[in-house]
Structure formats: C-alpha cells, structure tokens
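> Pasting input_15.cif below, which is mmCIF, C-alpha atoms.
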data_upload
#
loop_
_atom_site.label_atom_id
_atom_site.label_comp_id
_atom_site.auth_asym_id
_atom_site.auth_seq_id
_atom_site.Cartn_x
_atom_site.Cartn_y
_atom_site.Cartn_z
CA PRO A 1 21.45 2.54 -58.17
CA THR A 2 24.30 1.05 -60.13
CA ARG A 3 25.20 0.73 -63.81
CA GLN A 4 26.48 -2.70 -64.67
CA PRO A 5 26.20 -3.42 -68.43
CA PHE A 6 24.76 -6.90 -67.85
CA LEU A 7 22.07 -5.73 -65.38
CA HIS A 8 18.66 -4.31 -66.24
CA PRO A 9 18.67 -0.49 -65.93
CA GLY A 10 16.45 0.61 -63.07
CA ARG A 11 16.39 -2.87 -61.55
CA SER A 12 19.86 -2.96 -60.08
CA ALA A 13 21.56 -1.59 -57.01
CA ALA A 14 24.98 -1.13 -55.51
CA ILE A 15 25.62 -2.72 -52.12
CA VAL A 16 27.26 -0.10 -49.93
CA ILE A 17 28.69 -0.47 -46.42
CA GLY A 18 29.97 2.58 -44.61
CA GLY A 19 29.84 4.65 -47.80
CA ARG A 20 32.03 2.17 -49.69
CA PRO A 21 30.65 0.00 -52.52
CA VAL A 22 31.20 -3.68 -51.74
CA GLY A 23 29.03 -5.34 -54.35
CA TRP A 24 26.04 -5.20 -56.64
CA MET A 25 22.70 -6.94 -57.17
CA GLY A 26 19.93 -6.85 -59.72
CA GLU A 27 17.95 -8.38 -62.52
CA ILE A 28 19.95 -9.62 -65.51
CA HIS A 29 19.43 -7.43 -68.58
CA PRO A 30 16.83 -8.95 -70.98
CA LEU A 31 19.32 -8.92 -73.89
CA VAL A 32 21.85 -10.89 -71.86
CA ALA A 33 19.15 -13.33 -70.72
CA ALA A 34 18.03 -13.74 -74.36
CA ASP A 35 21.55 -14.85 -75.32
CA TRP A 36 21.15 -17.68 -72.83
CA GLU A 37 17.65 -18.42 -74.17
CA LEU A 38 16.15 -17.87 -70.71
CA ARG A 39 12.48 -16.97 -70.58
CA ASP A 40 12.25 -16.38 -66.82
CA THR A 41 13.50 -13.38 -64.90
CA LEU A 42 17.02 -13.95 -63.65
CA ALA A 43 18.77 -12.07 -60.86
CA ALA A 44 22.36 -12.08 -59.64
CA PHE A 45 24.55 -10.47 -57.03
CA GLU A 46 28.16 -10.13 -56.00
CA LEU A 47 29.31 -9.26 -52.50
CA ASP A 48 32.78 -8.84 -51.03
CA LEU A 49 32.29 -10.82 -47.80
CA ASP A 50 35.58 -9.54 -46.39
CA ALA A 51 34.02 -6.06 -46.35
CA VAL A 52 30.99 -7.17 -44.34
CA PRO A 53 31.58 -6.51 -40.62
CA GLU A 54 31.42 -9.38 -38.18
CA PRO A 55 28.04 -9.51 -36.47
CA ALA A 56 27.93 -8.78 -32.77
CA THR A 57 28.14 -11.87 -30.62
CA ALA A 58 24.65 -12.94 -29.64
CA VAL A 59 24.12 -13.25 -25.92
CA TYR A 60 21.52 -15.76 -24.85
CA HIS A 61 19.28 -15.01 -21.89
CA ASP A 62 16.75 -17.64 -20.88
CA VAL A 63 13.46 -15.85 -20.31
CA THR A 64 10.97 -18.67 -20.62
CA THR A 65 12.10 -21.66 -18.57
CA PHE A 66 10.92 -20.31 -15.22
CA PRO A 67 7.85 -18.05 -15.08
CA GLU A 68 7.98 -14.50 -13.86
CA VAL A 69 5.80 -13.22 -11.04
CA ARG A 70 4.08 -9.93 -11.82
CA GLU A 71 2.53 -7.49 -9.41
CA ASP A 72 1.46 -3.88 -9.28
CA LEU A 73 2.47 -1.55 -6.49
CA ALA A 74 1.16 1.99 -5.96
CA VAL A 75 3.52 4.23 -4.04
CA ILE A 76 2.88 7.77 -2.81
CA VAL A 77 5.79 10.21 -2.96
CA ASP A 78 6.25 13.97 -2.88
CA GLU A 79 5.41 15.42 -6.29
CA ASP A 80 8.99 16.74 -6.50
CA VAL A 81 10.32 13.16 -6.60
CA SER A 82 10.85 12.03 -10.18
CA ALA A 83 9.59 8.73 -11.51
CA ALA A 84 13.19 7.99 -12.55
CA ALA A 85 14.32 8.36 -8.92
CA VAL A 86 11.58 5.99 -7.79
CA LEU A 87 12.54 3.41 -10.44
CA GLU A 88 16.22 3.66 -9.49
CA VAL A 89 15.44 2.90 -5.85
CA VAL A 90 13.10 0.07 -6.85
CA ASP A 91 15.68 -1.48 -9.20
CA ARG A 92 18.41 -1.45 -6.56
CA ALA A 93 16.22 -2.72 -3.73
CA GLY A 94 14.60 -5.38 -5.90
CA ALA A 95 17.84 -6.91 -7.13
CA PRO A 96 18.59 -9.64 -7.96
CA LEU A 97 15.06 -11.02 -8.42
CA LEU A 98 13.42 -7.92 -9.91
CA ALA A 99 13.56 -8.37 -13.69
CA THR A 100 11.64 -5.26 -14.78
CA ALA A 101 9.89 -2.26 -13.28
CA HIS A 102 8.05 0.55 -14.97
CA VAL A 103 5.52 3.26 -14.15
CA PHE A 104 2.16 2.70 -15.82
CA ASP A 105 -0.02 5.29 -14.08
CA VAL A 106 0.24 8.61 -12.26
CA TYR A 107 -2.53 9.64 -9.85
CA ARG A 108 -3.15 12.94 -8.07
CA ASP A 109 -5.94 13.64 -5.60
CA GLU A 110 -5.36 16.02 -2.67
CA ARG A 111 -8.31 14.56 -0.74
CA ARG A 112 -7.12 10.94 -0.97
CA ILE A 113 -3.31 11.16 -0.98
CA GLY A 114 -2.62 14.64 0.39
CA ALA A 115 -1.56 17.96 -1.09
CA GLY A 116 1.80 17.97 -2.85
CA ASN A 117 1.80 14.20 -3.30
CA VAL A 118 1.58 11.94 -6.31
CA SER A 119 0.87 8.24 -6.54
CA LEU A 120 2.90 6.24 -9.05
CA ALA A 121 1.58 2.83 -10.06
CA LEU A 122 4.48 0.47 -10.72
CA ARG A 123 4.36 -2.78 -12.65
CA LEU A 124 6.98 -5.15 -11.21
CA ALA A 125 8.13 -8.47 -12.63
CA TYR A 126 10.28 -10.85 -10.60
CA ARG A 127 12.20 -13.74 -12.12
CA ALA A 128 15.01 -16.14 -11.29
CA SER A 129 16.94 -17.95 -14.01
CA ASP A 130 17.39 -21.12 -11.98
CA ARG A 131 14.05 -21.69 -10.24
CA THR A 132 10.40 -20.79 -9.92
CA LEU A 133 10.01 -18.13 -7.27
CA THR A 134 7.88 -18.74 -4.19
CA ASP A 135 5.39 -16.27 -2.76
CA GLU A 136 7.68 -15.81 0.25
CA GLN A 137 10.68 -14.89 -1.93
CA VAL A 138 8.64 -12.31 -3.84
CA ALA A 139 7.20 -10.93 -0.59
CA ARG A 140 10.74 -10.43 0.80
CA GLN A 141 11.78 -8.50 -2.33
CA ARG A 142 8.60 -6.40 -2.24
CA HIS A 143 9.23 -5.65 1.47
CA ALA A 144 12.81 -4.57 0.65
CA ILE A 145 11.48 -2.29 -2.11
CA VAL A 146 8.84 -0.71 0.17
CA GLU A 147 11.43 -0.11 2.92
CA ALA A 148 13.92 1.42 0.49
CA LEU A 149 11.27 3.76 -0.93
CA ALA A 150 10.35 4.88 2.59
CA GLU A 151 13.98 5.36 3.66
CA ARG A 152 15.37 7.07 0.58
CA LEU A 153 12.37 8.96 -0.81
CA GLY A 154 9.82 9.15 2.01
CA GLY A 155 7.47 7.00 -0.07
CA ARG A 156 4.66 4.86 1.22
CA VAL A 157 2.38 2.23 -0.28
CA ARG A 158 -1.04 3.52 -1.28
CA ALA A 159 -3.77 1.48 0.41
CA SER A 160 -6.51 2.20 -2.13
#
Could I get this structure in the form of structure tokens?

Amino acid sequence: PTRQPFLHPGRSAAIVIGGRPVGWMGEIHPLVAADWELRDTLAAFELDLDAVPEPATAVYHDVTTFPEVREDLAVIVDEDVSAAAVLEVVDRAGAPLLATAHVFDVYRDERRIGAGNVSLALRLAYRASDRTLTDEQVARQRHAIVEALAERLGGRVRAS
C-alpha cells in the first residue's frame, strides 16, 4: 500500500524492487477526478525504469521444426542402484541425440525379474536440431544406452 494524496485510499500500491520503492500505481482519487469532470474510473502509475533490472537474455531453442522420436525402455538393475545413477548413464550414453529421459514406473517381482532386482521403465525422447532422425540412428543410440547400462551398472533390458 502507498499513500499518495491524489490516489484513492485502499486502491493504490507502491512498486517495490529489492525492498526499494521505485514507483506507484493506483486509481485516481474521486475528488481529483471530479475536478477534471471525469465520470469514469481513472488509473495512473509512475515507474523509475532505471531501477528495473535488465531482463535475462532469452535463449532460443528450436523444439518444433524436427519431430522427436519417443520410446520406452525397461531396464533391470540391482535394487541398490539409484534411478539417478541410471539416468546419468542414460544421458551420457544417449548424447547427443537423447533430448530427455525420465523414469515413469518402478516394478518389483522376484519371480519375474529376480530377488534383489528392480525394473525401471524409462521414457526416452531423441531429437536432432538439424534433421529428422531415422530409425537406424535411434537404434544406434538405444544400443549405446543398453551397452552403457550393462557395463557401468550391470543393467539389462527387461523382455516383458
């Protein structure tokens, strides 16, 4: 709230940046508006633009020109292996075509995947900024991911 004599009490505010007042805004007081013979509500503001910080430079990333290829991959690892460790290996092995990877399901069943194991279902999205990816290119990246999971974490793809 602010108290400017020409603004309507209760319908005005101070503009504050970093704890420092840099302006005001609000509805013009009805008595002031009456002097101008205005019947409509009138608002005004003042802002010290030098006090407003420069906005961060926007960085443009084209995400729509070429479509992404999405696939799900279920990998079985020891239950002591964290999902974060799996995602780190996947991100490194999938570069540069792997755009995103995240875990969307966790499955445990001693009979199907073995005692002490967990299956993590991963949603992978591949994308190139300069072309549409072919099935062969995606297959090579998926193969690199599967090999890296096996080498670094003892992971294997779940068949069903």
> Which one of A:Ala95, A:Val106, A:Ile113, A:Ala144 sits closest to Ala128 of chain A if you count all atoms listed in the file?
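Among the listed residues, the smallest separation from Ala128 of chain A belongs to A:Ala95.
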> Contacts of His8 of chain A at 12 Å or less, counting only C-alpha atoms, minus same-chain residues fewer than 5 places along, as a list in words?
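Once the nearby chain positions are removed, what remains is Pro1, Thr2, Arg3, Ala13, Met25, Gly26, Glu27, Ile28, His29, Pro30, Leu31, Val32, Ala33, Thr41, Leu42, Ala43 and Ala44 of chain A.
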> Given the point (31.1, -6.2, -41.3) in the file's coordinates, find the residues that have an atom at most 12 Å from it, counting all atoms listed in the file, and give them as JSON, numbers by chain.
{"A": [16, 17, 18, 20, 22, 47, 48, 49, 50, 51, 52, 53, 54, 55, 56]}
> Find the residue from A:Trp24, A:Phe66, A:Tyr60, A:Tyr126 that sits nearest to Leu97 of chain A; use all atoms listed in the file when measuring.
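That would be A:Tyr126, the residue with the smallest distance to Leu97 of chain A.
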> Here's the selection I'm unsure about, the PyMOL selection byres ((chain A and resi 122) around 10); applied to the file above, which residues does it give, as a tab-separated table (two decimals) with C-alpha atoms, in the frame of the given file?

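Heads up, here's the output in selection_17.tsv:
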chain	number	residue	atom	x	y	z
A	71	GLU	CA	2.53	-7.49	-9.41
A	72	ASP	CA	1.46	-3.88	-9.28
A	73	LEU	CA	2.47	-1.55	-6.49
A	74	ALA	CA	1.16	1.99	-5.96
A	75	VAL	CA	3.52	4.23	-4.04
A	83	ALA	CA	9.59	8.73	-11.51
A	86	VAL	CA	11.58	5.99	-7.79
A	87	LEU	CA	12.54	3.41	-10.44
A	90	VAL	CA	13.10	0.07	-6.85
A	101	ALA	CA	9.89	-2.26	-13.28
A	102	HIS	CA	8.05	0.55	-14.97
A	103	VAL	CA	5.52	3.26	-14.15
A	104	PHE	CA	2.16	2.70	-15.82
A	105	ASP	CA	-0.02	5.29	-14.08
A	106	VAL	CA	0.24	8.61	-12.26
A	119	SER	CA	0.87	8.24	-6.54
A	120	LEU	CA	2.90	6.24	-9.05
A	121	ALA	CA	1.58	2.83	-10.06
A	123	ARG	CA	4.36	-2.78	-12.65
A	124	LEU	CA	6.98	-5.15	-11.21
A	125	ALA	CA	8.13	-8.47	-12.63
> With the PyMOL selection byres ((chain A and resi 157) around 7) as the selection, what would be picked from this file? Answer as a ChimeraX atom specification, please.
/A:74-76,155-156,158-159
> Would you mind telling me which residue in A:Gln141, A:Gly116, A:Val81, A:Thr134 lies nearest to Ala99 of chain A when using only C-alpha atoms?
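The shortest atom-to-atom distance to Ala99 of chain A comes from A:Gln141.
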> Report, in Å with one decimal, the straight-line distance from atom CA of Arg92 of chain A to atom CA of Val59 of chain A.
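Going from atom CA of Arg92 of chain A over to atom CA of Val59 of chain A covers 23.4 Å.
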> So how far away is atom CA of Thr57 of chain A from atom CA of Pro96 of chain A, in Å?
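Calculated distance between atom CA of Pro96 of chain A and atom CA of Thr57 of chain A is 24.7 Å.
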> Could you please determine the separation between atom CA of Val118 of chain A and atom CA of Leu153 of chain A in Å, to one decimal place?
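Atom-to-atom, atom CA of Val118 of chain A and atom CA of Leu153 of chain A are spaced 12.5 Å apart.
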